[in-house]
>>> print(open('target-v2.cif').read())   # mmCIF, C-alpha atoms (C1' of nucleotides)
data_run
loop_
_atom_site.label_atom_id
_atom_site.label_comp_id
_atom_site.auth_asym_id
_atom_site.auth_seq_id
_atom_site.Cartn_x
_atom_site.Cartn_y
_atom_site.Cartn_z
CA MET A 508 -9.76 -26.04 -15.51
CA LYS A 509 -7.51 -23.82 -17.60
CA ASN A 510 -10.67 -22.02 -18.44
CA SER A 511 -11.41 -21.32 -14.80
CA PHE A 512 -8.26 -19.26 -14.53
CA SER A 513 -9.18 -17.10 -17.44
CA ASP A 514 -12.65 -16.60 -16.00
CA ILE A 515 -11.18 -15.64 -12.69
CA TYR A 516 -8.82 -13.22 -14.36
CA SER A 517 -11.61 -11.49 -16.17
CA LEU A 518 -13.68 -11.31 -13.02
CA LEU A 519 -10.73 -9.83 -11.19
CA GLN A 520 -10.25 -7.33 -13.94
CA GLU A 521 -13.83 -6.21 -13.67
CA LEU A 522 -13.71 -5.95 -9.92
CA ALA A 523 -10.48 -4.00 -10.02
CA TRP A 524 -11.88 -1.59 -12.54
CA HIS A 525 -14.98 -1.02 -10.49
CA PHE A 526 -13.10 -0.43 -7.26
CA GLY A 527 -10.19 1.33 -8.90
CA ASP A 528 -9.45 4.85 -10.02
CA HIS A 529 -12.32 5.08 -12.45
CA GLY A 530 -15.03 3.31 -10.52
CA ILE A 531 -16.69 4.13 -7.23
CA ASN A 532 -13.38 4.95 -5.64
CA GLY A 533 -12.31 7.44 -8.25
CA GLU A 534 -14.03 10.14 -6.33
CA CYS A 535 -13.28 8.25 -3.15
CA CYS A 536 -14.43 10.86 -0.70
CA GLU A 537 -14.65 14.59 -0.70
CA ASP A 538 -11.25 15.70 -1.83
CA LEU A 539 -9.14 12.55 -1.95
CA SER A 540 -8.10 10.62 -5.00
CA LEU A 541 -7.62 6.90 -4.67
CA VAL A 542 -3.87 7.32 -4.62
CA GLU A 543 -4.09 9.89 -1.88
CA PHE A 544 -6.36 7.65 0.10
CA MET A 545 -3.96 4.76 -0.19
CA ALA A 546 -1.08 6.95 0.93
CA LEU A 547 -3.06 8.31 3.84
CA LYS A 548 -4.09 4.81 4.82
CA ALA A 549 -0.48 3.67 4.72
CA ALA A 550 0.51 6.50 7.02
CA TYR A 551 -2.42 5.75 9.26
CA GLU A 552 -1.72 2.07 9.66
CA ASN A 553 2.01 2.32 10.23
CA ASP A 554 3.45 4.44 12.97
CA ASN A 555 6.59 6.31 12.08
CA PHE A 556 6.29 5.58 8.41
CA THR A 557 8.70 7.74 6.46
CA ILE A 558 7.95 9.43 3.18
CA GLN A 559 9.85 6.83 1.23
CA ASP A 560 8.07 4.07 3.11
CA ILE A 561 4.81 5.50 1.94
CA GLY A 562 6.14 5.84 -1.56
CA SER A 563 7.26 2.27 -1.79
CA SER A 564 4.09 0.97 -0.23
CA ILE A 565 2.13 2.46 -3.10
CA ASN A 566 4.77 1.88 -5.76
CA PHE A 567 5.85 5.47 -6.25
CA THR A 568 9.23 7.14 -6.42
CA LYS A 569 10.34 9.23 -3.52
CA SER A 570 9.60 12.43 -5.36
CA GLY A 571 6.15 11.18 -6.16
CA ALA A 572 5.69 10.44 -2.50
CA THR A 573 6.83 13.95 -1.60
CA ARG A 574 4.22 15.38 -3.91
CA ILE A 575 1.43 13.29 -2.45
CA ILE A 576 2.40 14.19 1.06
CA ASP A 577 2.43 17.82 -0.05
CA ARG A 578 -1.19 17.50 -1.09
CA LEU A 579 -2.22 15.62 2.01
CA GLU A 580 -0.50 18.18 4.16
CA THR A 581 -2.12 21.20 2.55
CA LYS A 582 -5.44 19.45 3.00
CA GLY A 583 -4.61 19.08 6.65
CA TYR A 584 -4.65 15.31 6.81
CA VAL A 585 -1.02 14.70 7.73
CA LYS A 586 1.87 16.61 9.25
CA ARG A 587 5.58 16.46 8.51
CA GLU A 588 7.80 15.87 11.50
CA ARG A 589 11.54 15.52 11.28
CA SER A 590 12.67 12.47 13.16
CA LEU A 591 14.52 13.28 16.35
CA SER A 592 16.92 10.39 15.94
CA ASP A 593 17.77 11.11 12.31
CA GLY A 594 17.35 14.62 10.98
CA ARG A 595 17.00 13.45 7.40
CA VAL A 596 13.89 11.39 7.71
CA CYS A 597 10.40 12.81 7.82
CA CYS A 598 7.75 11.00 9.72
CA VAL A 599 4.23 11.62 8.60
CA PRO A 600 1.76 11.40 11.43
CA VAL A 601 -1.90 11.55 10.49
CA THR A 602 -3.84 14.41 12.01
CA ASP A 603 -7.18 14.02 13.74
CA LYS A 604 -8.83 15.38 10.65
CA GLY A 605 -6.98 12.79 8.60
CA ALA A 606 -8.00 9.94 10.85
CA GLN A 607 -11.55 11.16 10.69
CA VAL A 608 -11.62 11.26 6.92
CA ILE A 609 -10.12 7.80 6.65
CA SER A 610 -12.66 6.22 8.91
CA GLN A 611 -15.38 8.08 7.11
CA ILE A 612 -14.29 6.66 3.76
CA ILE A 613 -13.96 3.18 5.14
CA LYS A 614 -17.38 3.44 6.66
CA LYS A 615 -18.92 4.66 3.46
CA ASN A 616 -17.39 1.89 1.41
CA THR A 617 -18.23 -0.72 3.98
CA ASN A 618 -21.81 0.42 3.72
CA TYR A 619 -21.59 0.09 -0.01
CA VAL A 620 -20.36 -3.48 0.29
CA GLU A 621 -23.11 -4.18 2.77
CA GLU A 622 -25.69 -2.87 0.34
CA LEU A 623 -24.25 -5.09 -2.34
CA LEU A 624 -24.34 -8.22 -0.28
CA GLN A 625 -27.16 -7.75 2.16
CA ASP A 626 -29.48 -10.18 0.47
CA LEU A 627 -27.06 -13.07 0.62
CA GLU A 628 -27.02 -15.85 3.16
CA PRO A 629 -24.44 -15.35 5.92
CA GLN A 630 -22.84 -18.52 4.65
CA ALA A 631 -22.37 -17.05 1.16
CA ILE A 632 -20.89 -13.87 2.57
CA ASP A 633 -18.42 -15.86 4.53
CA ASN A 634 -17.48 -17.82 1.45
CA ILE A 635 -16.74 -14.64 -0.41
CA LYS A 636 -14.54 -13.43 2.35
CA ILE A 637 -12.66 -16.70 2.53
CA ALA A 638 -12.20 -16.85 -1.23
CA MET A 639 -10.75 -13.39 -1.33
CA GLU A 640 -8.45 -14.05 1.56
CA ILE A 641 -7.06 -17.03 -0.27
CA LEU A 642 -6.54 -14.96 -3.38
CA ILE A 643 -4.73 -12.22 -1.56
CA LYS A 644 -2.59 -14.62 0.36
CA ALA A 645 -1.54 -16.19 -2.92
CA MET A 646 -0.87 -12.77 -4.38
CA LYS A 647 1.39 -11.79 -1.53
CA ARG A 648 3.30 -15.00 -1.63
CA GLN A 649 3.85 -14.48 -5.35
CA ASP A 650 5.11 -10.96 -4.72
CA ILE A 651 7.71 -12.30 -2.36
CA ILE A 652 8.86 -14.92 -4.83
CA LYS A 653 9.13 -12.32 -7.57
CA SER A 654 11.05 -9.85 -5.46
CA LYS A 655 13.54 -12.54 -4.50
CA SER A 656 14.14 -13.57 -8.07
CA LEU A 657 15.17 -10.07 -9.13
CA MET B 135 -21.50 -9.80 10.58
CA LYS B 136 -21.11 -6.05 10.18
CA ASN B 137 -17.46 -6.74 10.54
CA SER B 138 -17.46 -9.14 7.62
CA PHE B 139 -18.48 -6.36 5.28
CA SER B 140 -15.64 -4.16 6.36
CA ASP B 141 -13.22 -7.06 5.94
CA ILE B 142 -14.53 -7.73 2.49
CA TYR B 143 -14.21 -4.08 1.60
CA SER B 144 -10.63 -3.96 2.63
CA LEU B 145 -9.87 -7.16 0.76
CA LEU B 146 -11.53 -5.74 -2.33
CA GLN B 147 -9.51 -2.59 -1.95
CA GLU B 148 -6.32 -4.54 -1.85
CA LEU B 149 -7.23 -6.66 -4.85
CA ALA B 150 -8.27 -3.63 -6.85
CA TRP B 151 -5.04 -1.89 -6.08
CA HIS B 152 -3.02 -4.89 -7.11
CA PHE B 153 -4.86 -5.39 -10.37
CA GLY B 154 -5.37 -1.70 -11.03
CA ASP B 155 -3.31 1.06 -12.57
CA HIS B 156 -0.45 0.78 -10.15
CA GLY B 157 -0.18 -2.96 -9.77
CA ILE B 158 0.61 -5.69 -12.26
CA ASN B 159 -1.65 -4.15 -14.84
CA GLY B 160 -0.11 -0.71 -14.69
CA GLU B 161 2.31 -1.75 -17.35
CA CYS B 162 -0.33 -4.10 -18.74
CA CYS B 163 1.52 -5.22 -21.84
CA GLU B 164 4.07 -3.71 -24.11
CA ASP B 165 2.69 -0.29 -24.85
CA LEU B 166 -0.81 -0.24 -23.39
CA SER B 167 -1.93 1.42 -20.21
CA LEU B 168 -4.77 -0.15 -18.31
CA VAL B 169 -7.18 2.47 -19.60
CA GLU B 170 -6.13 1.80 -23.16
CA PHE B 171 -6.51 -1.90 -22.65
CA MET B 172 -10.03 -1.46 -21.30
CA ALA B 173 -10.98 0.71 -24.26
CA LEU B 174 -9.50 -1.74 -26.71
CA LYS B 175 -11.31 -4.57 -25.01
CA ALA B 176 -14.58 -2.70 -25.19
CA ALA B 177 -14.10 -2.18 -28.91
CA TYR B 178 -13.12 -5.79 -29.32
CA GLU B 179 -16.12 -7.23 -27.52
CA ASN B 180 -18.75 -5.03 -29.12
CA ASP B 181 -19.17 -4.80 -32.83
CA ASN B 182 -19.93 -1.36 -34.18
CA PHE B 183 -19.15 0.34 -30.93
CA THR B 184 -18.90 4.08 -31.47
CA ILE B 185 -16.36 6.35 -29.86
CA GLN B 186 -18.85 7.61 -27.35
CA ASP B 187 -19.90 4.07 -26.55
CA ILE B 188 -16.34 3.30 -25.69
CA GLY B 189 -16.08 6.47 -23.67
CA SER B 190 -19.11 5.74 -21.60
CA SER B 191 -18.14 2.13 -21.09
CA ILE B 192 -14.97 3.28 -19.36
CA ASN B 193 -16.48 6.36 -17.74
CA PHE B 194 -14.80 8.98 -19.88
CA THR B 195 -16.08 12.04 -21.69
CA LYS B 196 -16.31 11.93 -25.42
CA SER B 197 -13.21 14.02 -25.83
CA GLY B 198 -11.35 11.70 -23.52
CA ALA B 199 -12.54 8.82 -25.67
CA THR B 200 -11.32 10.58 -28.80
CA ARG B 201 -7.89 10.93 -27.27
CA ILE B 202 -7.69 7.28 -26.30
CA ILE B 203 -8.78 6.17 -29.74
CA ASP B 204 -6.13 8.50 -31.16
CA ARG B 205 -3.49 6.64 -29.23
CA LEU B 206 -4.84 3.21 -30.08
CA GLU B 207 -5.00 4.17 -33.72
CA THR B 208 -1.45 5.46 -33.95
CA LYS B 209 -0.36 2.24 -32.31
CA GLY B 210 -2.21 0.38 -35.00
CA TYR B 211 -4.67 -1.45 -32.78
CA VAL B 212 -7.90 0.09 -34.08
CA LYS B 213 -9.15 1.91 -37.13
CA ARG B 214 -11.66 4.70 -37.51
CA GLU B 215 -14.45 4.08 -39.95
CA ARG B 216 -17.27 6.49 -40.61
CA SER B 217 -20.58 4.75 -40.42
CA LEU B 218 -22.25 4.38 -43.78
CA SER B 219 -25.71 4.90 -42.35
CA ASP B 220 -24.79 8.00 -40.34
CA GLY B 221 -21.84 10.08 -41.40
CA ARG B 222 -21.37 11.52 -37.96
CA VAL B 223 -20.57 8.39 -36.06
CA CYS B 224 -17.23 6.65 -36.07
CA CYS B 225 -17.07 2.93 -35.62
CA VAL B 226 -13.86 1.60 -34.23
CA PRO B 227 -13.05 -1.85 -35.52
CA VAL B 228 -10.09 -3.59 -33.92
CA THR B 229 -7.28 -4.50 -36.31
CA ASP B 230 -5.65 -7.90 -36.43
CA LYS B 231 -2.73 -6.47 -34.55
CA GLY B 232 -5.15 -5.19 -31.93
CA ALA B 233 -6.89 -8.51 -31.56
CA GLN B 234 -3.54 -10.16 -31.23
CA VAL B 235 -2.34 -7.85 -28.50
CA ILE B 236 -5.58 -8.29 -26.58
CA SER B 237 -5.40 -12.02 -26.56
CA GLN B 238 -1.76 -11.84 -25.66
CA ILE B 239 -2.52 -9.71 -22.61
CA ILE B 240 -5.37 -11.93 -21.55
CA LYS B 241 -3.18 -14.96 -21.92
CA LYS B 242 -0.40 -13.42 -19.91
CA ASN B 243 -2.69 -12.44 -17.09
CA THR B 244 -4.47 -15.76 -17.13
CA ASN B 245 -1.11 -17.38 -16.67
CA TYR B 246 -0.43 -15.08 -13.79
CA VAL B 247 -3.68 -16.09 -12.13
CA GLU B 248 -2.84 -19.70 -12.77
CA GLU B 249 0.53 -19.26 -11.11
CA LEU B 250 -1.20 -17.70 -8.14
CA LEU B 251 -3.69 -20.46 -7.69
CA GLN B 252 -2.06 -23.57 -9.04
CA ASP B 253 -1.48 -25.12 -5.64
CA LEU B 254 -5.10 -24.98 -4.62
CA GLU B 255 -7.62 -27.77 -4.82
CA PRO B 256 -9.91 -27.58 -7.84
CA GLN B 257 -12.74 -27.21 -5.38
CA ALA B 258 -11.16 -24.13 -3.83
CA ILE B 259 -10.56 -22.58 -7.23
CA ASP B 260 -14.15 -23.10 -8.12
CA ASN B 261 -15.25 -21.51 -4.90
CA ILE B 262 -13.22 -18.43 -5.68
CA LYS B 263 -14.80 -18.16 -9.06
CA ILE B 264 -18.28 -18.56 -7.69
CA ALA B 265 -17.68 -16.02 -4.95
CA MET B 266 -16.48 -13.45 -7.41
CA GLU B 267 -19.33 -14.04 -9.76
CA ILE B 268 -21.75 -13.39 -6.95
CA LEU B 269 -19.94 -10.19 -6.06
CA ILE B 270 -19.96 -8.89 -9.58
CA LYS B 271 -23.54 -9.80 -10.13
CA ALA B 272 -24.44 -7.83 -7.04
CA MET B 273 -22.30 -4.96 -8.26
CA LYS B 274 -24.06 -4.78 -11.56
CA ARG B 275 -27.49 -4.95 -10.05
CA GLN B 276 -26.54 -2.09 -7.76
CA ASP B 277 -25.33 -0.06 -10.72
CA ILE B 278 -28.69 -0.43 -12.37
CA ILE B 279 -30.53 0.62 -9.25
CA LYS B 280 -28.31 3.67 -8.90
CA SER B 281 -28.67 4.73 -12.49
CA LYS B 282 -32.44 4.50 -12.23
CA SER B 283 -32.57 6.62 -9.12
CA LEU B 284 -30.76 9.50 -10.77
"C1'" DT C 1310 -36.34 23.98 -49.69
"C1'" DT C 1311 -34.66 26.71 -46.14
"C1'" DA C 1312 -33.77 27.55 -41.36
"C1'" DC C 1313 -32.92 25.94 -36.88
"C1'" DA C 1314 -31.82 22.27 -33.50
"C1'" DT C 1315 -29.46 18.29 -32.30
"C1'" DT C 1316 -25.82 14.97 -32.32
"C1'" DA C 1317 -20.94 12.68 -33.10
"C1'" DG C 1318 -16.60 13.74 -33.10
"C1'" DT C 1319 -12.39 16.84 -32.88
"C1'" DT C 1320 -9.31 20.32 -31.06
"C1'" DG C 1321 -6.88 24.00 -28.26
"C1'" DA C 1322 -6.13 25.48 -23.78
"C1'" DC C 1323 -5.68 23.96 -19.45
"C1'" DA C 1324 -4.80 21.63 -14.98
"C1'" DC C 1325 -3.29 17.63 -12.63
"C1'" DC C 1326 0.00 14.23 -11.72
"C1'" DG C 1327 4.15 11.33 -11.34
"C1'" DT C 1328 9.00 10.87 -12.98
"C1'" DC C 1329 13.72 12.20 -13.69
"C1'" DA C 1330 17.76 14.46 -12.54
"C1'" DA C 1331 19.96 17.78 -9.92
"C1'" DC C 1332 20.21 19.46 -5.64
"C1'" DC C 1333 20.56 20.28 -0.24
"C1'" DA C 1334 21.21 18.73 4.27
"C1'" DA C 1335 22.08 15.26 7.62
"C1'" DT C 1336 24.37 11.05 8.79
"C1'" DA C 1337 27.88 7.23 8.17
"C1'" DC C 1338 32.37 5.64 7.03
"C1'" DT C 1339 37.50 5.69 7.34
"C1'" DA D 1260 38.36 16.12 8.57
"C1'" DG D 1261 36.92 14.60 4.18
"C1'" DT D 1262 34.24 11.64 1.35
"C1'" DA D 1263 30.24 8.71 0.46
"C1'" DT D 1264 25.61 7.72 1.32
"C1'" DT D 1265 20.91 8.58 2.30
"C1'" DG D 1266 16.23 11.11 2.93
"C1'" DG D 1267 13.84 14.56 1.09
"C1'" DT D 1268 12.75 18.57 -2.11
"C1'" DT D 1269 12.37 21.02 -6.46
"C1'" DG D 1270 12.31 22.49 -11.50
"C1'" DA D 1271 11.45 20.87 -15.89
"C1'" DC D 1272 9.02 17.76 -18.35
"C1'" DG D 1273 5.74 14.50 -20.63
"C1'" DG D 1274 1.45 12.09 -20.37
"C1'" DT D 1275 -3.39 12.30 -19.73
"C1'" DG D 1276 -8.30 13.64 -19.22
"C1'" DT D 1277 -11.60 17.62 -19.07
"C1'" DC D 1278 -13.97 21.69 -20.67
"C1'" DA D 1279 -15.69 24.64 -24.01
"C1'" DA D 1280 -15.79 25.94 -28.56
"C1'" DC D 1281 -15.87 24.26 -32.96
"C1'" DT D 1282 -17.11 21.44 -37.57
"C1'" DA D 1283 -19.90 18.53 -40.01
"C1'" DA D 1284 -23.77 15.51 -40.56
"C1'" DT D 1285 -28.49 14.56 -39.56
"C1'" DG D 1286 -33.29 15.61 -38.03
"C1'" DT D 1287 -37.30 18.66 -37.78
"C1'" DA D 1288 -40.67 21.87 -39.22
"C1'" DA D 1289 -42.27 25.87 -41.55
#
>>> encode(input="target-v2.cif", output="structure tokens")
Amino acid sequence: MKNSFSDIYSLLQELAWHFGDHGINGECCEDLSLVEFMALKAAYENDNFTIQDIGSSINFTKSGATRIIDRLETKGYVKRERSLSDGRVCCVPVTDKGAQVISQIIKKNTNYVEELLQDLEPQAIDNIKIAMEILIKAMKRQDIIKSKSL
Amino acid sequence: MKNSFSDIYSLLQELAWHFGDHGINGECCEDLSLVEFMALKAAYENDNFTIQDIGSSINFTKSGATRIIDRLETKGYVKRERSLSDGRVCCVPVTDKGAQVISQIIKKNTNYVEELLQDLEPQAIDNIKIAMEILIKAMKRQDIIKSKSL
DNA sequence: TTACATTAGTTGACACCGTCAACCAATACT
DNA sequence: AGTATTGGTTGACGGTGTCAACTAATGTAA
């Protein structure tokens, strides 16, 4: 049983490496690094996300977040808009071009996953999905526990 | 069904992020970055691995590999040894200290996974393991196909 | 044996990237 | 009004991987 955990860890490690910075997602798409993609996705999925929100959602300092938004802005994927209710905060709406690039990346990677798994039984595919959902749920719960204990 | 693939992709993305450079493994252990850990692990698991072997196993150029080995060497985790049969190649044996740090990291992360999953039924844990093995097997097969088609 | 080609590894210059600390401007507190 | 706080930006910096040029060892062929 103990051994199962270490197997799972090493499998996770391998998966993470493959889908991380240095694997298929290193190039990600056109002109986005993985970090930039994650930031863009965060902005895309959360209306009125501020720069610091984006930073903390990807574990960066606020100056790091500023720099990433700089890059995304010069690439035309987001805009900076001062909040009307509070002149300090910057909201970062995603432009049409940004939304387009996001969905393009997601589509491409979804296709990749489909290629990977196409030969499996529907049942097996579902099992994979369920297994990963359980894992991620456990991960998130753990995060909450850790953040409380600080 | 199509939708399952996109779900799985996004779950994979999340997992990879969590276990990647910026998540729990960003700090990895003591004084190793994730990249360094992967290189050290590659050297550890393969006897007589050369510097370029290590580089290609983590998708780096040979000069990148040299730099990583530099760091691992100054930290005392590997040694450089010219091959006796070919004076050009460097083998990179892992020192005792290196082996120790590797097993320490693996242990720590195994514990983390155990913490995550301890409340699950043994059956569920096994399912997770099986699901991930299938995924990785598919991944590797795909890699081979891709490398052949180049 | 000499001359040329190839291969493993190293190094200097460089560009990219995220952090830190100092800073500015807007808002909140009293 | 005056001070403290907060969101965001910027300059300086250190860390890191690449590229191209290099050295040294090996292979090849006359």
>>> interface_residues(input="target-v2.cif", of="chain B", to="chain D", cutoff="10 Å", atoms="only C-alpha atoms (C1' of nucleotides)", output="PDB file with C-alpha atoms, in the frame of the given file")
ATOM      1  CA  PHE B 194     -14.800   8.980 -19.880  1.00  0.00           C
ATOM      2  CA  THR B 195     -16.080  12.040 -21.690  1.00  0.00           C
ATOM      3  CA  LYS B 196     -16.310  11.930 -25.420  1.00  0.00           C
ATOM      4  CA  SER B 197     -13.210  14.020 -25.830  1.00  0.00           C
ATOM      5  CA  GLY B 198     -11.350  11.700 -23.520  1.00  0.00           C
ATOM      6  CA  ALA B 199     -12.540   8.820 -25.670  1.00  0.00           C
ATOM      7  CA  ARG B 201      -7.890  10.930 -27.270  1.00  0.00           C
ATOM      8  CA  ILE B 202      -7.690   7.280 -26.300  1.00  0.00           C
ATOM      9  CA  ASP B 220     -24.790   8.000 -40.340  1.00  0.00           C
ATOM     10  CA  GLY B 221     -21.840  10.080 -41.400  1.00  0.00           C
ATOM     11  CA  ARG B 222     -21.370  11.520 -37.960  1.00  0.00           C
ATOM     12  CA  VAL B 223     -20.570   8.390 -36.060  1.00  0.00           C
TER      13      VAL B 223
END
>>> calpha_fit_and_write(input="target-v2.cif", fixed="chain A", moving="chain B", output="compact mmCIF listing (two decimals) with C-alpha atoms, in the frame of the given file")
# COMPACT_ATOMS: atom_id res chain seq x y z
CA MET B 135 -9.71 -26.06 -15.51
CA LYS B 136 -7.46 -23.85 -17.62
CA ASN B 137 -10.61 -22.04 -18.47
CA SER B 138 -11.37 -21.33 -14.84
CA PHE B 139 -8.22 -19.29 -14.52
CA SER B 140 -9.11 -17.12 -17.45
CA ASP B 141 -12.60 -16.62 -16.03
CA ILE B 142 -11.17 -15.65 -12.71
CA TYR B 143 -8.80 -13.24 -14.37
CA SER B 144 -11.55 -11.51 -16.19
CA LEU B 145 -13.66 -11.32 -13.06
CA LEU B 146 -10.73 -9.85 -11.18
CA GLN B 147 -10.23 -7.35 -13.95
CA GLU B 148 -13.80 -6.24 -13.71
CA LEU B 149 -13.71 -5.94 -9.94
CA ALA B 150 -10.47 -4.01 -10.02
CA TRP B 151 -11.86 -1.61 -12.55
CA HIS B 152 -14.97 -1.04 -10.50
CA PHE B 153 -13.10 -0.44 -7.28
CA GLY B 154 -10.17 1.31 -8.91
CA ASP B 155 -9.44 4.84 -10.03
CA HIS B 156 -12.32 5.06 -12.43
CA GLY B 157 -15.03 3.30 -10.50
CA ILE B 158 -16.69 4.10 -7.20
CA ASN B 159 -13.38 4.94 -5.61
CA GLY B 160 -12.30 7.40 -8.25
CA GLU B 161 -13.98 10.12 -6.31
CA CYS B 162 -13.24 8.21 -3.11
CA CYS B 163 -14.45 10.80 -0.64
CA GLU B 164 -14.69 14.52 -0.59
CA ASP B 165 -11.29 15.65 -1.75
CA LEU B 166 -9.15 12.52 -1.90
CA SER B 167 -8.14 10.59 -4.97
CA LEU B 168 -7.64 6.88 -4.63
CA VAL B 169 -3.87 7.32 -4.62
CA GLU B 170 -4.10 9.88 -1.86
CA PHE B 171 -6.36 7.64 0.14
CA MET B 172 -3.92 4.74 -0.16
CA ALA B 173 -1.04 6.94 0.96
CA LEU B 174 -3.03 8.28 3.87
CA LYS B 175 -4.02 4.78 4.84
CA ALA B 176 -0.43 3.64 4.73
CA ALA B 177 0.57 6.48 7.04
CA TYR B 178 -2.36 5.72 9.28
CA GLU B 179 -1.63 2.02 9.66
CA ASN B 180 2.10 2.31 10.22
CA ASP B 181 3.55 4.43 12.94
CA ASN B 182 6.68 6.34 12.04
CA PHE B 183 6.34 5.61 8.38
CA THR B 184 8.73 7.81 6.42
CA ILE B 185 7.95 9.48 3.14
CA GLN B 186 9.87 6.91 1.19
CA ASP B 187 8.11 4.13 3.06
CA ILE B 188 4.84 5.54 1.91
CA GLY B 189 6.16 5.91 -1.60
CA SER B 190 7.29 2.35 -1.85
CA SER B 191 4.13 1.02 -0.29
CA ILE B 192 2.15 2.52 -3.14
CA ASN B 193 4.78 1.95 -5.82
CA PHE B 194 5.85 5.54 -6.30
CA THR B 195 9.23 7.22 -6.48
CA LYS B 196 10.33 9.32 -3.59
CA SER B 197 9.57 12.52 -5.42
CA GLY B 198 6.13 11.24 -6.22
CA ALA B 199 5.69 10.49 -2.53
CA THR B 200 6.80 14.00 -1.63
CA ARG B 201 4.17 15.42 -3.92
CA ILE B 202 1.40 13.30 -2.46
CA ILE B 203 2.39 14.21 1.07
CA ASP B 204 2.39 17.85 -0.04
CA ARG B 205 -1.22 17.51 -1.05
CA LEU B 206 -2.24 15.61 2.05
CA GLU B 207 -0.53 18.18 4.20
CA THR B 208 -2.17 21.20 2.60
CA LYS B 209 -5.47 19.42 3.06
CA GLY B 210 -4.63 19.04 6.70
CA TYR B 211 -4.65 15.26 6.86
CA VAL B 212 -1.00 14.68 7.77
CA LYS B 213 1.89 16.58 9.26
CA ARG B 214 5.59 16.47 8.52
CA GLU B 215 7.84 15.89 11.47
CA ARG B 216 11.58 15.58 11.26
CA SER B 217 12.77 12.54 13.10
CA LEU B 218 14.63 13.36 16.28
CA SER B 219 17.05 10.49 15.85
CA ASP B 220 17.86 11.25 12.21
CA GLY B 221 17.38 14.75 10.91
CA ARG B 222 17.05 13.59 7.35
CA VAL B 223 13.94 11.51 7.64
CA CYS B 224 10.44 12.88 7.79
CA CYS B 225 7.80 11.02 9.69
CA VAL B 226 4.27 11.62 8.59
CA PRO B 227 1.81 11.37 11.44
CA VAL B 228 -1.86 11.50 10.51
CA THR B 229 -3.81 14.37 12.06
CA ASP B 230 -7.14 13.94 13.78
CA LYS B 231 -8.80 15.32 10.71
CA GLY B 232 -6.95 12.73 8.65
CA ALA B 233 -7.96 9.87 10.89
CA GLN B 234 -11.51 11.07 10.73
CA VAL B 235 -11.60 11.22 6.97
CA ILE B 236 -10.09 7.75 6.71
CA SER B 237 -12.64 6.16 8.93
CA GLN B 238 -15.36 8.03 7.15
CA ILE B 239 -14.26 6.63 3.79
CA ILE B 240 -13.95 3.13 5.15
CA LYS B 241 -17.37 3.39 6.68
CA LYS B 242 -18.90 4.65 3.48
CA ASN B 243 -17.39 1.88 1.42
CA THR B 244 -18.26 -0.75 3.98
CA ASN B 245 -21.83 0.40 3.70
CA TYR B 246 -21.60 0.11 -0.03
CA VAL B 247 -20.38 -3.47 0.26
CA GLU B 248 -23.14 -4.17 2.71
CA GLU B 249 -25.71 -2.82 0.28
CA LEU B 250 -24.27 -5.06 -2.39
CA LEU B 251 -24.40 -8.19 -0.35
CA GLN B 252 -27.21 -7.73 2.11
CA ASP B 253 -29.54 -10.15 0.38
CA LEU B 254 -27.14 -13.04 0.53
CA GLU B 255 -27.09 -15.81 3.08
CA PRO B 256 -24.52 -15.34 5.84
CA GLN B 257 -22.92 -18.51 4.57
CA ALA B 258 -22.48 -17.05 1.10
CA ILE B 259 -20.99 -13.86 2.50
CA ASP B 260 -18.52 -15.86 4.47
CA ASN B 261 -17.57 -17.83 1.41
CA ILE B 262 -16.82 -14.64 -0.46
CA LYS B 263 -14.61 -13.46 2.31
CA ILE B 264 -12.75 -16.72 2.50
CA ALA B 265 -12.28 -16.87 -1.25
CA MET B 266 -10.81 -13.41 -1.33
CA GLU B 267 -8.52 -14.07 1.56
CA ILE B 268 -7.13 -17.06 -0.26
CA LEU B 269 -6.60 -14.99 -3.38
CA ILE B 270 -4.79 -12.24 -1.56
CA LYS B 271 -2.68 -14.62 0.39
CA ALA B 272 -1.59 -16.21 -2.86
CA MET B 273 -0.94 -12.78 -4.30
CA LYS B 274 1.32 -11.80 -1.48
CA ARG B 275 3.26 -15.01 -1.55
CA GLN B 276 3.81 -14.51 -5.26
CA ASP B 277 5.06 -10.99 -4.65
CA ILE B 278 7.66 -12.30 -2.27
CA ILE B 279 8.81 -14.93 -4.72
CA LYS B 280 9.10 -12.33 -7.46
CA SER B 281 11.01 -9.87 -5.35
CA LYS B 282 13.48 -12.56 -4.36
CA SER B 283 14.11 -13.60 -7.93
CA LEU B 284 15.12 -10.11 -8.97
>>> interface_residues(input="target-v2.cif", of="chain A", to="chain B", cutoff="9 Å", atoms="only C-alpha atoms", output="PyMOL selection string")
chain A and resi 508-530+545+565-567+613-614+616-624+629+631-643+645-646+648-649
>>> atom_distance(input="target-v2.cif", atom1="CA of Lys548 (chain A)", atom2="CA of Leu591 (chain A)")
23.5 Å
>>> closest_residue(input="target-v2.cif", among="C:DC1329, C:DA1322, C:DA1317, C:DA1312", to="chain A", atoms="all atoms listed in the file")
C:DC1329
>>> resolve_selection(input="target-v2.cif", expression="the PyMOL selection byres ((chain C) within 8 of (chain B))", output="PyMOL selection string")
chain C and resi 1316-1319
>>> write_last_selection(input="target-v2.cif", atoms="C-alpha atoms (C1' of nucleotides)", output="PDB file, in the frame of the given file")
ATOM      1  C1'  DT C1316     -25.820  14.970 -32.320  1.00  0.00           C
ATOM      2  C1'  DA C1317     -20.940  12.680 -33.100  1.00  0.00           C
ATOM      3  C1'  DG C1318     -16.600  13.740 -33.100  1.00  0.00           C
ATOM      4  C1'  DT C1319     -12.390  16.840 -32.880  1.00  0.00           C
TER       5       DT C1319
END
>>> atom_distance(input="target-v2.cif", atom1="CA of Gly189 (chain B)", atom2="CA of Glu543 (chain A)")
25.1 Å
